[in-house]
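Notes follow the structure.
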Amino acid sequence: MNTVYKRVLIKISGEALAGDHKTGYDFDFVSKVCETVSQCLKMGVQVGIVIGGGNFWRGVKDGAGKVERVSADRMGMLATAMNCLAVCDVFKQMGTEAKVMTAVDIQGVGERYDTNKAIEYLQSGKAVIFGCGTGLPFFSTDTAAVLRAAEIHADAILLAKNIDGVYSDDPRKNPDAVKYDEISYADVLAQRLAVMDTTATSLAMDNNIPVIVFALADPQNIVRVLQGEKTGTTVR
């Protein structure tokens with residue numbers, strides 16, 4: 001089956017894994033996402049995945065001023081590691097090979113991230129799940145996703161969110177908000193649109209990596225994007 005991208009980085013929010021539970025996991029939904037990614041691997045697409053940690057901890061926001069920023073961000077890294085383990089095990093139970101690579105040393109959780117090794121795993125048909133963000137505080141998992149995409153030479157970043165694209169305003173608050181089919185990085189930055197944080201957006205722009213924003217509510221949207229269907233919003 002023909003696809004428009006051969007190697008992609010999928011960014012999945014931690015909240016998406018929780019579904020309606022808000023925290024923890026909705027394993028029925030996690031299984032659907034993993035089944036879809038497995039389908040992509042069978043199509044010959046190489047898939048890297050970065051998962052957020054918001055279903056357990058949202059850094060400074062959850063720290064509520066009681067936890068210093070560096071500590072709060074490191075707690076968030078640990079939350080992403082838990083998500084990587086959970087998703088990796090779901091993959092393995094369905095017979096899909098997957099590897100967890102972490103930005104910091106956590107014995108027993110995953111291998112320490114190495115670019116060449118990650119590419120080797122991708123080329124062998126394994127899903128590679130990148131944990132612990134960049135390994136540094138003050139950088140979001142959005143930035144980690146763009147960084148890993150640049151390092152592994154991904155053709156595109158698939159930004160799977162709880163909303164079906166990029167809008168001129170928050171559509172939940174403004175019914176007149178307009179959805180964009182395509183928008184430039186420069187316009188995203190100028191209009192301060194909530195696609196990714198500014199560091200991640202600037203990094204994607206500097207490295208000319210297109211970002212496709214779409215709703216994960218239907219995991220098959222991942223396949224639609226790979227097949228070139230008009231899904232969500234493309235930022236380039």
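Chain labels A, B, ... are given in the sequence in which chains occur in the structure tokens; within each chain residues are numbered consecutively from 1, and ligands are likewise numbered from 1 in the order shown.
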
Run DSSP on the backbone and give me the residues of chain A it puts in strand (DSSP E or B), as a VMD selection string.
chain A and resid 7 to 12 46 to 51 98 to 102 111 to 112 127 to 131 156 to 161 166 to 167 179 to 180 182 to 183 211 to 215 233 to 235

Would you list the contacts of Gln93 of chain A as an NGL selection string, taking every protein, DNA or RNA residue within 12 Å and counting only C-alpha atoms, but skipping same-chain residues closer than 4 positions in sequence?
:A and (31 or 34-35 or 38 or 86-89 or 97-98)

Using the chain letters and numbers from this document, which residues of segment 21-185 of chain A does DSSP assign to helix (DSSP H, G or I), as an MDAnalysis selection string?
chainID A and resid 21 27:42 59:63 69:93 115:123 141:151 185

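The interatomic distance for the pair atom CA of Gly76 of chain A and atom CA of Arg58 of chain A works out to 6.3 Å.
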
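The two atoms in question, atom CA of Gly54 of chain A and atom CA of Ala79 of chain A, are spaced 7.7 Å apart.
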
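Residues surrounding Thr143 of chain A within 7 Å are A:Phe139, A:Ser140, A:Val146, A:Leu147, A:Thr199, A:Ala200 [only C-alpha atoms; sequence separation below 3 positions excluded].
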
Limited to N, CA, C and O atoms, could you put the picked residues into a file as a short mmCIF file (atom, residue, chain, number, x, y, z; two decimals), in the first residue's frame?
data_model
loop_
_atom_site.label_atom_id
_atom_site.label_comp_id
_atom_site.auth_asym_id
_atom_site.auth_seq_id
_atom_site.Cartn_x
_atom_site.Cartn_y
_atom_site.Cartn_z
N PHE A 139 12.02 21.80 28.92
CA PHE A 139 11.68 21.44 27.54
C PHE A 139 10.50 20.47 27.56
O PHE A 139 10.54 19.45 28.24
N SER A 140 9.47 20.79 26.79
CA SER A 140 8.25 19.99 26.78
C SER A 140 8.44 18.71 25.96
O SER A 140 9.42 18.55 25.22
N VAL A 146 9.85 16.90 18.37
CA VAL A 146 10.49 17.53 17.21
C VAL A 146 11.98 17.19 17.18
O VAL A 146 12.55 16.91 16.11
N LEU A 147 12.62 17.21 18.33
CA LEU A 147 14.04 16.87 18.41
C LEU A 147 14.29 15.45 17.92
O LEU A 147 15.18 15.22 17.08
N THR A 199 9.06 26.81 21.35
CA THR A 199 10.35 26.16 21.13
C THR A 199 10.21 25.01 20.14
O THR A 199 11.01 24.87 19.20
N ALA A 200 9.19 24.19 20.32
CA ALA A 200 8.95 23.07 19.42
C ALA A 200 8.63 23.55 18.01
O ALA A 200 9.14 23.01 17.02
#

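Minimum atom-to-atom distance to Asp114 of chain A, evaluated using only C-alpha atoms, belongs to A:Thr102 out of A:Gln39, A:Gln220, A:Thr233, A:Thr102.
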
Give me, as an MDAnalysis selection string, all polymer residues having an atom no more than 12 Å from segment 41-43 of chain A, counting only C-alpha atoms and skipping those fewer than 4 positions away in the same chain.
chainID A and resid 1:8 34:37 47:48 91 95:98 122:128 222:223 226:227

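Between Gly131 of chain A and the residues A:Lys92, A:Val213, A:Val50, A:Leu203, the shortest atom-to-atom distance, using only C-alpha atoms, involves A:Val50.
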
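Interatomic distance, atom CA of Lys179 of chain A to atom CA of Val211 of chain A: 15.4 Å.
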
May I have the residues within 9 Å of Ala160 of chain A as a PyMOL selection string, using only C-alpha atoms and disregarding those fewer than 6 positions away in the same chain?
chain A and resi 10-13+16+212-217+219+221-222

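With only C-alpha atoms as the basis for measurement, A:Gly232 is the residue among A:Gly65, A:Gly232, A:Gly19, A:Gly59 that approaches Ile163 of chain A most closely.
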
Pick out the residues sitting within 12 Å of Trp57 of chain A, and hand them over as a ChimeraX atom specification; count only C-alpha atoms, and ignore anything fewer than 2 positions along from it in its own chain.
/A:13-15,22-24,52-55,59-64,67,71-83
